[in-house]
>>> print(open('work.pdb').read())   # PDB, C-alpha atoms and all ligand atoms
ATOM      1  CA  MET A   1     -54.731  -1.113 -22.956
ATOM      2  CA  ASN A   2     -52.299  -3.148 -25.026
ATOM      3  CA  ALA A   3     -48.669  -2.519 -24.130
ATOM      4  CA  GLN A   4     -45.330  -4.092 -24.951
ATOM      5  CA  LEU A   5     -43.781  -4.591 -21.524
ATOM      6  CA  LEU A   6     -40.157  -5.290 -20.626
ATOM      7  CA  ARG A   7     -39.853  -7.261 -17.401
ATOM      8  CA  ARG A   8     -36.344  -8.631 -17.735
ATOM      9  CA  PRO A   9     -33.702  -7.403 -20.216
ATOM     10  CA  ARG A  10     -32.248  -9.980 -22.582
ATOM     11  CA  PRO A  11     -31.073 -10.175 -26.220
ATOM     12  CA  ALA A  12     -33.660  -8.910 -28.712
ATOM     13  CA  GLU A  13     -33.628 -12.289 -30.497
ATOM     14  CA  GLN A  14     -35.155 -13.818 -27.341
ATOM     15  CA  SER A  15     -38.247 -11.559 -27.577
ATOM     16  CA  PRO A  16     -37.842  -9.643 -24.308
ATOM     17  CA  LEU A  17     -41.033  -7.598 -24.839
ATOM     18  CA  GLU A  18     -44.370  -9.183 -23.881
ATOM     19  CA  MET A  19     -47.715  -7.931 -25.171
ATOM     20  CA  THR A  20     -49.576  -7.248 -21.917
ATOM     21  CA  ASP A  21     -52.894  -5.737 -20.844
ATOM     22  CA  LEU A  22     -52.109  -2.758 -18.566
ATOM     23  CA  PRO A  23     -54.458  -0.223 -16.953
ATOM     24  CA  THR A  24     -54.794   3.001 -18.947
ATOM     25  CA  PRO A  25     -52.711   5.628 -17.083
ATOM     26  CA  THR A  26     -54.257   8.696 -15.438
ATOM     27  CA  PRO A  27     -52.702  12.109 -16.167
ATOM     28  CA  GLY A  28     -51.460  14.228 -13.249
ATOM     29  CA  ASP A  29     -52.406  17.917 -12.919
ATOM     30  CA  ASP A  30     -49.693  19.116 -15.312
ATOM     31  CA  GLU A  31     -49.884  16.138 -17.660
ATOM     32  CA  LEU A  32     -51.512  15.009 -20.893
ATOM     33  CA  LEU A  33     -53.078  11.634 -21.530
ATOM     34  CA  LEU A  34     -52.228  10.684 -25.113
ATOM     35  CA  HIS A  35     -53.855   8.201 -27.389
ATOM     36  CA  VAL A  36     -50.684   6.898 -29.012
ATOM     37  CA  HIS A  37     -50.833   6.658 -32.801
ATOM     38  CA  VAL A  38     -47.238   5.688 -33.536
ATOM     39  CA  CYS A  39     -43.929   5.367 -31.706
ATOM     40  CA  GLY A  40     -40.494   5.499 -33.316
ATOM     41  CA  LEU A  41     -37.797   2.910 -32.602
ATOM     42  CA  CYS A  42     -34.477   4.105 -31.255
ATOM     43  CA  HIS A  43     -31.152   2.410 -30.484
ATOM     44  CA  THR A  44     -31.741   3.464 -26.878
ATOM     45  CA  ASP A  45     -34.776   1.135 -26.825
ATOM     46  CA  LEU A  46     -32.523  -1.677 -27.978
ATOM     47  CA  HIS A  47     -29.909  -0.855 -25.314
ATOM     48  CA  THR A  48     -32.742  -0.810 -22.743
ATOM     49  CA  VAL A  49     -34.324  -4.144 -23.676
ATOM     50  CA  GLU A  50     -30.903  -5.790 -23.883
ATOM     51  CA  GLY A  51     -29.795  -4.345 -20.525
ATOM     52  CA  GLU A  52     -26.770  -2.316 -21.672
ATOM     53  CA  ILE A  53     -28.365   0.612 -19.859
ATOM     54  CA  SER A  54     -30.842   0.238 -17.025
ATOM     55  CA  GLY A  55     -33.706   2.338 -15.750
ATOM     56  CA  THR A  56     -36.982   1.297 -14.102
ATOM     57  CA  LEU A  57     -38.375  -2.239 -14.490
ATOM     58  CA  PRO A  58     -40.852  -3.346 -15.604
ATOM     59  CA  ILE A  59     -41.120  -0.663 -18.275
ATOM     60  CA  VAL A  60     -42.957   0.094 -21.506
ATOM     61  CA  PRO A  61     -40.201   1.434 -23.823
ATOM     62  CA  GLY A  62     -40.551   4.038 -26.548
ATOM     63  CA  HIS A  63     -39.769   7.755 -26.562
ATOM     64  CA  GLN A  64     -40.715   9.043 -30.015
ATOM     65  CA  ILE A  65     -44.438   9.194 -29.438
ATOM     66  CA  VAL A  66     -46.919  10.853 -31.759
ATOM     67  CA  GLY A  67     -50.498  10.850 -30.593
ATOM     68  CA  ALA A  68     -53.646  12.809 -29.939
ATOM     69  CA  VAL A  69     -54.417  14.432 -26.602
ATOM     70  CA  GLU A  70     -57.261  12.447 -25.054
ATOM     71  CA  ARG A  71     -57.501  14.369 -21.785
ATOM     72  CA  VAL A  72     -55.527  17.119 -19.997
ATOM     73  CA  GLY A  73     -54.697  17.562 -16.308
ATOM     74  CA  ALA A  74     -56.409  20.332 -14.300
ATOM     75  CA  SER A  75     -53.603  22.908 -14.669
ATOM     76  CA  VAL A  76     -52.804  22.371 -18.361
ATOM     77  CA  ARG A  77     -53.536  25.409 -20.574
ATOM     78  CA  THR A  78     -51.155  24.789 -23.486
ATOM     79  CA  PHE A  79     -52.864  21.819 -25.156
ATOM     80  CA  ARG A  80     -56.463  20.690 -25.583
ATOM     81  CA  ALA A  81     -58.166  17.394 -26.262
ATOM     82  CA  GLY A  82     -57.706  16.465 -29.905
ATOM     83  CA  ASP A  83     -54.354  18.272 -30.405
ATOM     84  CA  ARG A  84     -51.648  16.252 -32.089
ATOM     85  CA  VAL A  85     -48.455  16.240 -30.024
ATOM     86  CA  GLY A  86     -45.079  14.568 -29.834
ATOM     87  CA  VAL A  87     -43.327  13.238 -26.744
ATOM     88  CA  PRO A  88     -39.523  13.006 -26.750
ATOM     89  CA  TRP A  89     -36.927  11.297 -24.520
ATOM     90  CA  LEU A  90     -36.814  13.996 -21.810
ATOM     91  CA  HIS A  91     -39.963  13.248 -19.800
ATOM     92  CA  ARG A  92     -39.264  15.755 -17.066
ATOM     93  CA  ALA A  93     -36.426  17.845 -15.599
ATOM     94  CA  CYS A  94     -36.443  19.272 -12.061
ATOM     95  CA  GLY A  95     -36.048  22.948 -12.987
ATOM     96  CA  GLU A  96     -34.000  23.582  -9.838
ATOM     97  CA  CYS A  97     -30.599  21.884 -10.058
ATOM     98  CA  GLU A  98     -27.410  23.620 -11.223
ATOM     99  CA  PHE A  99     -27.890  22.231 -14.764
ATOM    100  CA  CYS A 100     -31.542  23.199 -15.099
ATOM    101  CA  ARG A 101     -30.696  26.706 -13.891
ATOM    102  CA  SER A 102     -28.002  27.097 -16.580
ATOM    103  CA  ASP A 103     -29.948  26.076 -19.712
ATOM    104  CA  ARG A 104     -28.673  22.510 -19.534
ATOM    105  CA  GLU A 105     -31.778  20.643 -18.465
ATOM    106  CA  ASN A 106     -30.550  17.751 -20.634
ATOM    107  CA  LEU A 107     -28.021  17.114 -17.829
ATOM    108  CA  CYS A 108     -30.580  17.520 -14.997
ATOM    109  CA  GLU A 109     -29.606  15.624 -11.837
ATOM    110  CA  ARG A 110     -33.166  14.368 -11.424
ATOM    111  CA  ALA A 111     -34.158  13.966 -15.082
ATOM    112  CA  GLU A 112     -36.692  11.298 -15.927
ATOM    113  CA  PHE A 113     -36.715   9.735 -19.361
ATOM    114  CA  THR A 114     -39.645   8.461 -21.399
ATOM    115  CA  GLY A 115     -39.762   4.691 -21.806
ATOM    116  CA  PHE A 116     -36.874   4.339 -19.344
ATOM    117  CA  HIS A 117     -37.981   5.755 -15.969
ATOM    118  CA  VAL A 118     -41.661   6.129 -16.893
ATOM    119  CA  ASN A 119     -43.726   4.109 -19.333
ATOM    120  CA  GLY A 120     -43.361   5.141 -22.964
ATOM    121  CA  GLY A 121     -45.069   4.771 -26.304
ATOM    122  CA  TYR A 122     -45.027   1.038 -27.056
ATOM    123  CA  ALA A 123     -48.608   1.126 -25.730
ATOM    124  CA  GLU A 124     -52.024   2.458 -26.691
ATOM    125  CA  TYR A 125     -51.921   5.266 -24.105
ATOM    126  CA  ALA A 126     -49.156   7.283 -22.437
ATOM    127  CA  VAL A 127     -48.933  10.269 -20.108
ATOM    128  CA  ALA A 128     -46.435  13.130 -20.340
ATOM    129  CA  PRO A 129     -46.055  16.573 -18.735
ATOM    130  CA  ALA A 130     -47.548  19.189 -21.057
ATOM    131  CA  ALA A 131     -44.446  21.355 -20.658
ATOM    132  CA  PHE A 132     -42.242  18.649 -22.192
ATOM    133  CA  ALA A 133     -44.493  17.748 -25.142
ATOM    134  CA  VAL A 134     -44.027  19.432 -28.525
ATOM    135  CA  LYS A 135     -46.283  20.429 -31.372
ATOM    136  CA  ILE A 136     -45.756  18.374 -34.542
ATOM    137  CA  PRO A 137     -45.121  20.515 -37.646
ATOM    138  CA  ASP A 138     -47.867  20.509 -40.259
ATOM    139  CA  GLY A 139     -47.092  18.532 -43.364
ATOM    140  CA  PHE A 140     -45.874  15.465 -41.479
ATOM    141  CA  ASP A 141     -48.098  12.449 -41.077
ATOM    142  CA  ASP A 142     -47.766  10.595 -37.773
ATOM    143  CA  ALA A 143     -45.312   7.931 -38.921
ATOM    144  CA  HIS A 144     -43.005  10.369 -40.725
ATOM    145  CA  ALA A 145     -42.999  12.723 -37.721
ATOM    146  CA  ALA A 146     -41.996  10.068 -35.175
ATOM    147  CA  PRO A 147     -38.263   9.911 -36.050
ATOM    148  CA  LEU A 148     -37.971  13.665 -35.547
ATOM    149  CA  LEU A 149     -38.605  13.208 -31.814
ATOM    150  CA  CYS A 150     -35.327  11.534 -30.893
ATOM    151  CA  ALA A 151     -33.322  10.712 -34.015
ATOM    152  CA  GLY A 152     -33.976  14.216 -35.300
ATOM    153  CA  ILE A 153     -33.500  16.108 -32.034
ATOM    154  CA  ILE A 154     -30.292  14.258 -31.115
ATOM    155  CA  GLY A 155     -28.927  14.600 -34.645
ATOM    156  CA  TYR A 156     -29.591  18.336 -34.478
ATOM    157  CA  ARG A 157     -27.956  18.733 -31.066
ATOM    158  CA  ALA A 158     -24.965  16.667 -32.233
ATOM    159  CA  LEU A 159     -24.537  18.959 -35.237
ATOM    160  CA  ARG A 160     -24.728  22.027 -32.996
ATOM    161  CA  LEU A 161     -22.135  20.619 -30.588
ATOM    162  CA  SER A 162     -19.811  19.671 -33.464
ATOM    163  CA  ASN A 163     -19.369  23.426 -34.112
ATOM    164  CA  VAL A 164     -19.618  22.826 -37.861
ATOM    165  CA  ARG A 165     -20.030  26.067 -39.803
ATOM    166  CA  PRO A 166     -21.764  26.680 -43.133
ATOM    167  CA  GLN A 167     -19.774  25.481 -46.167
ATOM    168  CA  GLN A 168     -17.398  23.357 -44.058
ATOM    169  CA  THR A 169     -16.751  19.647 -44.469
ATOM    170  CA  LEU A 170     -18.616  17.364 -42.086
ATOM    171  CA  GLY A 171     -18.229  13.637 -41.527
ATOM    172  CA  LEU A 172     -21.169  11.456 -40.452
ATOM    173  CA  TYR A 173     -20.178   7.997 -39.201
ATOM    174  CA  GLY A 174     -23.045   5.517 -39.320
ATOM    175  CA  PHE A 175     -26.160   6.253 -41.345
ATOM    176  CA  GLY A 176     -29.344   5.267 -39.531
ATOM    177  CA  ALA A 177     -32.374   7.204 -38.372
ATOM    178  CA  SER A 178     -30.461  10.124 -36.822
ATOM    179  CA  ALA A 179     -27.902  10.632 -39.594
ATOM    180  CA  HIS A 180     -30.496  10.575 -42.363
ATOM    181  CA  ILE A 181     -32.118  13.614 -40.725
ATOM    182  CA  ALA A 182     -28.852  15.345 -39.715
ATOM    183  CA  ILE A 183     -27.553  15.218 -43.303
ATOM    184  CA  GLN A 184     -30.547  17.248 -44.490
ATOM    185  CA  ILE A 185     -29.870  19.964 -41.905
ATOM    186  CA  ALA A 186     -26.154  20.012 -42.793
ATOM    187  CA  ALA A 187     -27.007  20.229 -46.497
ATOM    188  CA  ARG A 188     -29.287  23.165 -45.721
ATOM    189  CA  TRP A 189     -26.304  24.843 -44.004
ATOM    190  CA  GLY A 190     -24.255  24.341 -47.184
ATOM    191  CA  CYS A 191     -21.891  21.775 -45.674
ATOM    192  CA  GLU A 192     -20.033  19.229 -47.763
ATOM    193  CA  VAL A 193     -21.005  15.937 -46.121
ATOM    194  CA  PHE A 194     -18.879  12.774 -46.057
ATOM    195  CA  VAL A 195     -20.847   9.700 -44.975
ATOM    196  CA  ALA A 196     -18.993   6.657 -43.674
ATOM    197  CA  THR A 197     -21.278   3.636 -43.614
ATOM    198  CA  ARG A 198     -20.893   0.058 -44.770
ATOM    199  CA  GLY A 199     -24.306  -1.003 -46.071
ATOM    200  CA  ALA A 200     -24.949  -0.454 -49.783
ATOM    201  CA  GLU A 201     -28.546   0.562 -48.998
ATOM    202  CA  HIS A 202     -27.412   3.162 -46.447
ATOM    203  CA  GLN A 203     -24.826   4.490 -48.918
ATOM    204  CA  ARG A 204     -27.497   4.833 -51.593
ATOM    205  CA  LEU A 205     -29.827   6.772 -49.267
ATOM    206  CA  ALA A 206     -26.940   9.037 -48.153
ATOM    207  CA  THR A 207     -26.171   9.895 -51.772
ATOM    208  CA  GLU A 208     -29.825  10.571 -52.479
ATOM    209  CA  LEU A 209     -30.010  12.930 -49.483
ATOM    210  CA  GLY A 210     -27.012  14.976 -50.621
ATOM    211  CA  ALA A 211     -23.785  13.303 -49.448
ATOM    212  CA  ALA A 212     -20.737  14.548 -51.360
ATOM    213  CA  TRP A 213     -18.817  11.344 -50.544
ATOM    214  CA  VAL A 214     -19.870   7.905 -49.310
ATOM    215  CA  GLY A 215     -17.636   5.002 -48.367
ATOM    216  CA  ARG A 216     -15.996   3.119 -45.534
ATOM    217  CA  ALA A 217     -14.631   4.886 -42.438
ATOM    218  CA  GLU A 218     -11.069   3.783 -43.217
ATOM    219  CA  ASP A 219     -11.270   5.417 -46.666
ATOM    220  CA  VAL A 220     -12.155   8.945 -45.501
ATOM    221  CA  PRO A 221      -9.058  10.994 -46.485
ATOM    222  CA  ASP A 222      -6.716  12.188 -43.672
ATOM    223  CA  ALA A 223      -7.491  15.650 -42.261
ATOM    224  CA  SER A 224     -10.421  16.153 -44.617
ATOM    225  CA  LEU A 225     -13.118  17.031 -42.057
ATOM    226  CA  HIS A 226     -13.751  20.237 -40.099
ATOM    227  CA  ALA A 227     -16.141  18.349 -37.834
ATOM    228  CA  ALA A 228     -17.527  14.867 -37.438
ATOM    229  CA  VAL A 229     -20.469  13.218 -35.732
ATOM    230  CA  MET A 230     -20.389   9.539 -34.861
ATOM    231  CA  PHE A 231     -23.736   7.773 -34.669
ATOM    232  CA  ALA A 232     -22.340   4.237 -34.798
ATOM    233  CA  PRO A 233     -21.865   2.901 -31.222
ATOM    234  CA  ALA A 234     -18.429   1.522 -32.155
ATOM    235  CA  GLY A 235     -15.574   2.846 -29.998
ATOM    236  CA  THR A 236     -13.014   1.412 -32.427
ATOM    237  CA  LEU A 237     -14.067   4.094 -34.914
ATOM    238  CA  VAL A 238     -12.955   6.958 -32.646
ATOM    239  CA  PRO A 239      -9.229   6.880 -33.600
ATOM    240  CA  GLU A 240     -10.243   6.309 -37.227
ATOM    241  CA  THR A 241     -12.411   9.408 -37.171
ATOM    242  CA  LEU A 242      -9.806  11.564 -35.403
ATOM    243  CA  ARG A 243      -7.379  10.711 -38.212
ATOM    244  CA  ALA A 244      -9.822  12.259 -40.691
ATOM    245  CA  LEU A 245     -10.390  15.389 -38.578
ATOM    246  CA  ARG A 246      -8.589  18.660 -39.318
ATOM    247  CA  LYS A 247      -6.692  20.616 -36.635
ATOM    248  CA  GLY A 248      -9.058  22.191 -34.109
ATOM    249  CA  GLY A 249     -11.960  20.021 -35.259
ATOM    250  CA  THR A 250     -14.576  18.457 -33.000
ATOM    251  CA  LEU A 251     -15.748  14.864 -33.005
ATOM    252  CA  THR A 252     -19.182  14.520 -31.401
ATOM    253  CA  LEU A 253     -20.336  11.105 -30.185
ATOM    254  CA  ALA A 254     -24.110  10.958 -30.481
ATOM    255  CA  GLY A 255     -24.900   7.644 -28.789
ATOM    256  CA  ILE A 256     -26.047   6.875 -25.254
ATOM    257  CA  TYR A 257     -23.884   3.760 -25.340
ATOM    258  CA  MET A 258     -20.615   2.874 -27.058
ATOM    259  CA  THR A 259     -18.242  -0.074 -27.029
ATOM    260  CA  PRO A 260     -14.850   0.722 -25.413
ATOM    261  CA  ILE A 261     -12.627   3.242 -27.136
ATOM    262  CA  PRO A 262      -9.207   1.668 -27.826
ATOM    263  CA  GLU A 263      -5.925   3.105 -26.616
ATOM    264  CA  MET A 264      -4.604   5.592 -29.140
ATOM    265  CA  LYS A 265      -1.668   7.886 -29.855
ATOM    266  CA  TYR A 266      -1.885  11.383 -28.418
ATOM    267  CA  GLU A 267      -1.028  12.835 -31.828
ATOM    268  CA  LEU A 268      -4.541  11.902 -33.005
ATOM    269  CA  LEU A 269      -5.956  14.297 -30.429
ATOM    270  CA  TYR A 270      -3.165  16.904 -30.480
ATOM    271  CA  HIS A 271      -3.651  20.204 -32.345
ATOM    272  CA  GLU A 272      -6.704  20.985 -30.280
ATOM    273  CA  ARG A 273      -9.000  18.352 -31.646
ATOM    274  CA  MET A 274     -11.937  17.723 -29.327
ATOM    275  CA  VAL A 275     -14.000  14.658 -28.576
ATOM    276  CA  ARG A 276     -17.317  15.185 -26.827
ATOM    277  CA  SER A 277     -20.494  13.245 -26.227
ATOM    278  CA  VAL A 278     -24.129  14.259 -26.561
ATOM    279  CA  ALA A 279     -26.378  13.455 -23.613
ATOM    280  CA  ASN A 280     -30.128  13.849 -24.126
ATOM    281  CA  ALA A 281     -31.509  17.157 -25.394
ATOM    282  CA  THR A 282     -33.272  20.235 -24.075
ATOM    283  CA  ARG A 283     -36.760  21.441 -24.892
ATOM    284  CA  ASP A 284     -35.146  24.223 -26.928
ATOM    285  CA  ASP A 285     -33.398  21.628 -29.087
ATOM    286  CA  ALA A 286     -36.751  19.929 -29.599
ATOM    287  CA  ARG A 287     -38.561  23.133 -30.561
ATOM    288  CA  GLN A 288     -35.764  24.285 -32.887
ATOM    289  CA  LEU A 289     -35.622  20.937 -34.642
ATOM    290  CA  MET A 290     -39.402  20.873 -35.121
ATOM    291  CA  GLN A 291     -39.218  24.337 -36.664
ATOM    292  CA  LEU A 292     -36.359  23.353 -39.004
ATOM    293  CA  ALA A 293     -38.207  20.177 -39.953
ATOM    294  CA  GLY A 294     -41.156  22.217 -41.141
ATOM    295  CA  GLN A 295     -39.017  24.849 -42.930
ATOM    296  CA  ILE A 296     -36.552  22.670 -44.860
ATOM    297  CA  PRO A 297     -38.789  20.501 -44.993
ATOM    298  CA  ILE A 298     -37.000  17.428 -43.674
ATOM    299  CA  ARG A 299     -37.949  14.207 -45.387
ATOM    300  CA  THR A 300     -37.904  11.116 -43.196
ATOM    301  CA  GLU A 301     -37.673   7.581 -44.548
ATOM    302  CA  VAL A 302     -39.621   5.181 -42.388
ATOM    303  CA  GLN A 303     -40.256   1.483 -42.244
ATOM    304  CA  THR A 304     -43.347   0.600 -40.209
ATOM    305  CA  PHE A 305     -44.133  -2.406 -38.026
ATOM    306  CA  PRO A 306     -47.307  -3.250 -36.070
ATOM    307  CA  LEU A 307     -47.015  -2.866 -32.273
ATOM    308  CA  ALA A 308     -47.372  -6.647 -31.964
ATOM    309  CA  ASP A 309     -44.097  -7.042 -33.906
ATOM    310  CA  ALA A 310     -41.987  -4.827 -31.613
ATOM    311  CA  ASN A 311     -39.498  -7.617 -30.866
ATOM    312  CA  ARG A 312     -39.012  -8.370 -34.552
ATOM    313  CA  ALA A 313     -38.584  -4.647 -35.260
ATOM    314  CA  LEU A 314     -35.852  -4.355 -32.600
ATOM    315  CA  VAL A 315     -34.010  -7.327 -34.102
ATOM    316  CA  ALA A 316     -34.148  -5.588 -37.504
ATOM    317  CA  LEU A 317     -32.793  -2.409 -35.878
ATOM    318  CA  LYS A 318     -29.994  -4.404 -34.247
ATOM    319  CA  ARG A 319     -29.006  -5.849 -37.639
ATOM    320  CA  SER A 320     -29.075  -2.422 -39.360
ATOM    321  CA  ALA A 321     -31.794  -3.893 -41.567
ATOM    322  CA  ILE A 322     -34.171  -0.925 -41.312
ATOM    323  CA  HIS A 323     -34.374   1.527 -44.178
ATOM    324  CA  GLY A 324     -34.258   5.000 -42.592
ATOM    325  CA  ALA A 325     -36.125   4.909 -39.261
ATOM    326  CA  GLY A 326     -38.304   2.172 -37.750
ATOM    327  CA  VAL A 327     -41.769   3.155 -36.503
ATOM    328  CA  LEU A 328     -44.352   1.083 -34.624
ATOM    329  CA  ILE A 329     -47.944   1.626 -35.691
ATOM    330  CA  VAL A 330     -49.817   1.522 -32.395
ATOM    331  CA  SER A 331     -53.370   2.520 -33.288
ATOM    332  CA  GLY A 332     -55.449   4.165 -35.975
TER     333      GLY A 332
HETATM  334 ZN    ZN B 401     -32.622  19.661 -12.849
HETATM  335 ZN    ZN B 402     -33.827   7.846 -28.735
END
>>> encode(input="work.pdb", output="structure tokens")
Amino acid sequence: MNAQLLRRPRPAEQSPLEMTDLPTPTPGDDELLLHVHVCGLCHTDLHTVEGEISGTLPIVPGHQIVGAVERVGASVRTFRAGDRVGVPWLHRACGECEFCRSDRENLCERAEFTGFHVNGGYAEYAVAPAAFAVKIPDGFDDAHAAPLLCAGIIGYRALRLSNVRPQQTLGLYGFGASAHIAIQIAARWGCEVFVATRGAEHQRLATELGAAWVGRAEDVPDASLHAAVMFAPAGTLVPETLRALRKGGTLTLAGIYMTPIPEMKYELLYHERMVRSVANATRDDARQLMQLAGQIPIRTEVQTFPLADANRALVALKRSAIHGAGVLIVSG
């Protein structure tokens, strides 16, 4: 099968992914073999190919897989050949550690991640445990469903952890794939959403999707937000965002990677403001987001690239030059 393989991390501009012929994987007893139709691009893929985070090498990246079940392992009863399924970032959790036993499998001590520890969706075929795959809501074609699988799930978990309540003011910092989905959930909850993003194109999309205010981070009024979610991996924005947060508000950091957070005055944090990160997501987050996506229904904006252009697509992602979410068309 054709696969985009990462052997050695380096800057995206140096084309770290190589189109390679790999053997088609064989599903284990509890696994599905998927014929991959599309795979979404995520900032985590960029951090992986550039070596800011490191898992297994060599690796086929990609963890927003939409495909058709080609074959199921001997013990699988939940899916059948031909079913359309999605595969998210959490490939497998152990089910036994302290975190798994307390509904926090996203923090599992032995978690394996798709396209990071095991080969992902930048390839014609992929395997995944049936118990960690999700059904794709009807009404979404493959490409428009792909961003739900990480951008959507993480955006949803970040909103949950921000403790934002209906009708409150919410700040979203950065407006890429995740934020453009999160804003639609927040709008559904009746929140007044402030979007801090620099690009004119991102500002236009935010307005179209229901933002009450768009502008630069430094222009968000002091103490205007009940909660905020930061998608931009820029640590320098943390003090800026805390300034805009009301007393008792929570700032949730949604990225897997962030540049250093600068030294700041305690008064920015005082009055019980909280800063917390989001790490991965549980299967419940995935199922709840898929359900919301079908109900609202969430509209995803996608820009597609052929699998062969994965390096070019990652460069576009790095430059914030993708409109909405980037998706690789793998087959079909
Ligand atoms: Zn565990
Ligand atoms: Zn991701």
>>> residues_around(input="work.pdb", residues="stretch 53-62 of chain A", least_positions_apart="5", cutoff="9 Å", atoms="only C-alpha atoms", output="ChimeraX atom specification")
/A:3-9,17,39-42,44-45,47-48,89,113-123,256-257
>>> residues_near_ligand(input="work.pdb", ligand="ligand ZN 401 (chain B)", cutoff="6 Å", atoms="all atoms listed in the file", output="PyMOL selection string")
chain A and resi 93-97+99-100+105+108-110
>>> atom_distance(input="work.pdb", atom1="atom CA of A:Asp222", atom2="atom CA of A:Glu240")
9.4 Å
>>> closest_residue(input="work.pdb", among="A:Gln288, A:Asn311, A:Asn280, A:Thr241", to="ligand ZN 402 (chain B)", atoms="all atoms listed in the file")
A:Asn280
>>> closest_residue(input="work.pdb", among="A:Val127, A:Leu170, A:Leu149, A:Met230", to="ligand ZN 402 (chain B)", atoms="only C-alpha atoms and all ligand atoms")
A:Leu149
>>> residues_around(input="work.pdb", residues="A:Pro129", least_positions_apart="6", cutoff="7 Å", atoms="only C-alpha atoms", output="ChimeraX atom specification")
/A:30-32
>>> atom_distance(input="work.pdb", atom1="atom CA of A:Ala187", atom2="atom CA of A:Thr300")
14.6 Å
>>> residues_near_point(input="work.pdb", point="(-19.9, 10.6, -45.3)", cutoff="10 Å", atoms="all atoms listed in the file", output="count of residues only")
30
>>> atom_distance(input="work.pdb", atom1="atom CA of A:Gly28", atom2="atom CA of A:Val76")
9.7 Å
>>> residues_around(input="work.pdb", residues="A:Phe79", least_positions_apart="6", cutoff="8 Å", atoms="all atoms listed in the file", output="list of chain:residue names")
A:Val69, A:Val72, A:Ala130
>>> resolve_selection(input="work.pdb", expression="the PyMOL selection byres (((chain A and resi 88) around 10) and not hetatm)", output="ChimeraX atom specification")
/A:62-66,86-87,89-91,113-115,120-121,128,132-134,146-151,153,280-283,286
>>> residues_around(input="work.pdb", residues="A:Glu267", least_positions_apart="5", cutoff="12 Å", atoms="only C-alpha atoms", output="ChimeraX atom specification")
/A:239,242-243,245,247,272-273
>>> closest_residue(input="work.pdb", among="A:Val38, A:Ala308, A:Ala279, A:Ala234", to="ligand ZN 402 (chain B)", atoms="all atoms listed in the file")
A:Ala279
>>> closest_residue(input="work.pdb", among="A:Arg198, A:Leu237, A:Asp284, A:Leu328", to="A:Ala313", atoms="only C-alpha atoms")
A:Leu328
>>> closest_residue(input="work.pdb", among="A:Glu52, A:Arg80, A:Glu112, A:Ala68", to="A:Arg92", atoms="only C-alpha atoms")
A:Glu112
>>> residues_around(input="work.pdb", residues="A:Ala12", least_positions_apart="6", cutoff="7 Å", atoms="only C-alpha atoms", output="count of residues only")
5
>>> closest_residue(input="work.pdb", among="A:Ala227, A:Leu209, A:Ile136, A:Thr304", to="A:Ile181", atoms="only C-alpha atoms")
A:Leu209
>>> resolve_selection(input="work.pdb", expression="the PyMOL selection byres (((chain A and resi 295) around 12) and not hetatm)", output="ChimeraX atom specification")
/A:137-140,184-185,188,288-294,296-299
>>> write_last_selection(input="work.pdb", atoms="C-alpha atoms", output="PDB file, in the coordinates of the input")
ATOM      1  CA  PRO A 137     -45.121  20.515 -37.646  1.00  0.00           C
ATOM      2  CA  ASP A 138     -47.867  20.509 -40.259  1.00  0.00           C
ATOM      3  CA  GLY A 139     -47.092  18.532 -43.364  1.00  0.00           C
ATOM      4  CA  PHE A 140     -45.874  15.465 -41.479  1.00  0.00           C
ATOM      5  CA  GLN A 184     -30.547  17.248 -44.490  1.00  0.00           C
ATOM      6  CA  ILE A 185     -29.870  19.964 -41.905  1.00  0.00           C
ATOM      7  CA  ARG A 188     -29.287  23.165 -45.721  1.00  0.00           C
ATOM      8  CA  GLN A 288     -35.764  24.285 -32.887  1.00  0.00           C
ATOM      9  CA  LEU A 289     -35.622  20.937 -34.642  1.00  0.00           C
ATOM     10  CA  MET A 290     -39.402  20.873 -35.121  1.00  0.00           C
ATOM     11  CA  GLN A 291     -39.218  24.337 -36.664  1.00  0.00           C
ATOM     12  CA  LEU A 292     -36.359  23.353 -39.004  1.00  0.00           C
ATOM     13  CA  ALA A 293     -38.207  20.177 -39.953  1.00  0.00           C
ATOM     14  CA  GLY A 294     -41.156  22.217 -41.141  1.00  0.00           C
ATOM     15  CA  ILE A 296     -36.552  22.670 -44.860  1.00  0.00           C
ATOM     16  CA  PRO A 297     -38.789  20.501 -44.993  1.00  0.00           C
ATOM     17  CA  ILE A 298     -37.000  17.428 -43.674  1.00  0.00           C
ATOM     18  CA  ARG A 299     -37.949  14.207 -45.387  1.00  0.00           C
TER      19      ARG A 299
END
>>> decode(input="work.pdb", residues="stretch 315-330 of chain A", atoms="C-alpha atoms", output="PDB file, in the first residue's frame")
ATOM      1  CA  VAL A 315       3.696  23.461   5.304  1.00  0.00           C
ATOM      2  CA  ALA A 316       0.351  25.179   4.610  1.00  0.00           C
ATOM      3  CA  LEU A 317      -0.838  24.161   8.093  1.00  0.00           C
ATOM      4  CA  LYS A 318       2.365  25.537   9.618  1.00  0.00           C
ATOM      5  CA  ARG A 319       1.787  28.887   7.882  1.00  0.00           C
ATOM      6  CA  SER A 320      -1.884  29.067   8.979  1.00  0.00           C
ATOM      7  CA  ALA A 321      -2.704  29.071   5.269  1.00  0.00           C
ATOM      8  CA  ILE A 322      -5.469  26.456   5.465  1.00  0.00           C
ATOM      9  CA  HIS A 323      -9.076  27.576   5.381  1.00  0.00           C
ATOM     10  CA  GLY A 324     -10.833  25.651   8.173  1.00  0.00           C
ATOM     11  CA  ALA A 325      -9.320  22.151   8.412  1.00  0.00           C
ATOM     12  CA  GLY A 326      -6.879  20.374   6.086  1.00  0.00           C
ATOM     13  CA  VAL A 327      -7.809  16.881   4.880  1.00  0.00           C
ATOM     14  CA  LEU A 328      -5.776  14.398   2.830  1.00  0.00           C
ATOM     15  CA  ILE A 329      -7.727  12.490   0.206  1.00  0.00           C
ATOM     16  CA  VAL A 330      -6.226   9.013   0.418  1.00  0.00           C
TER      17      VAL A 330
END
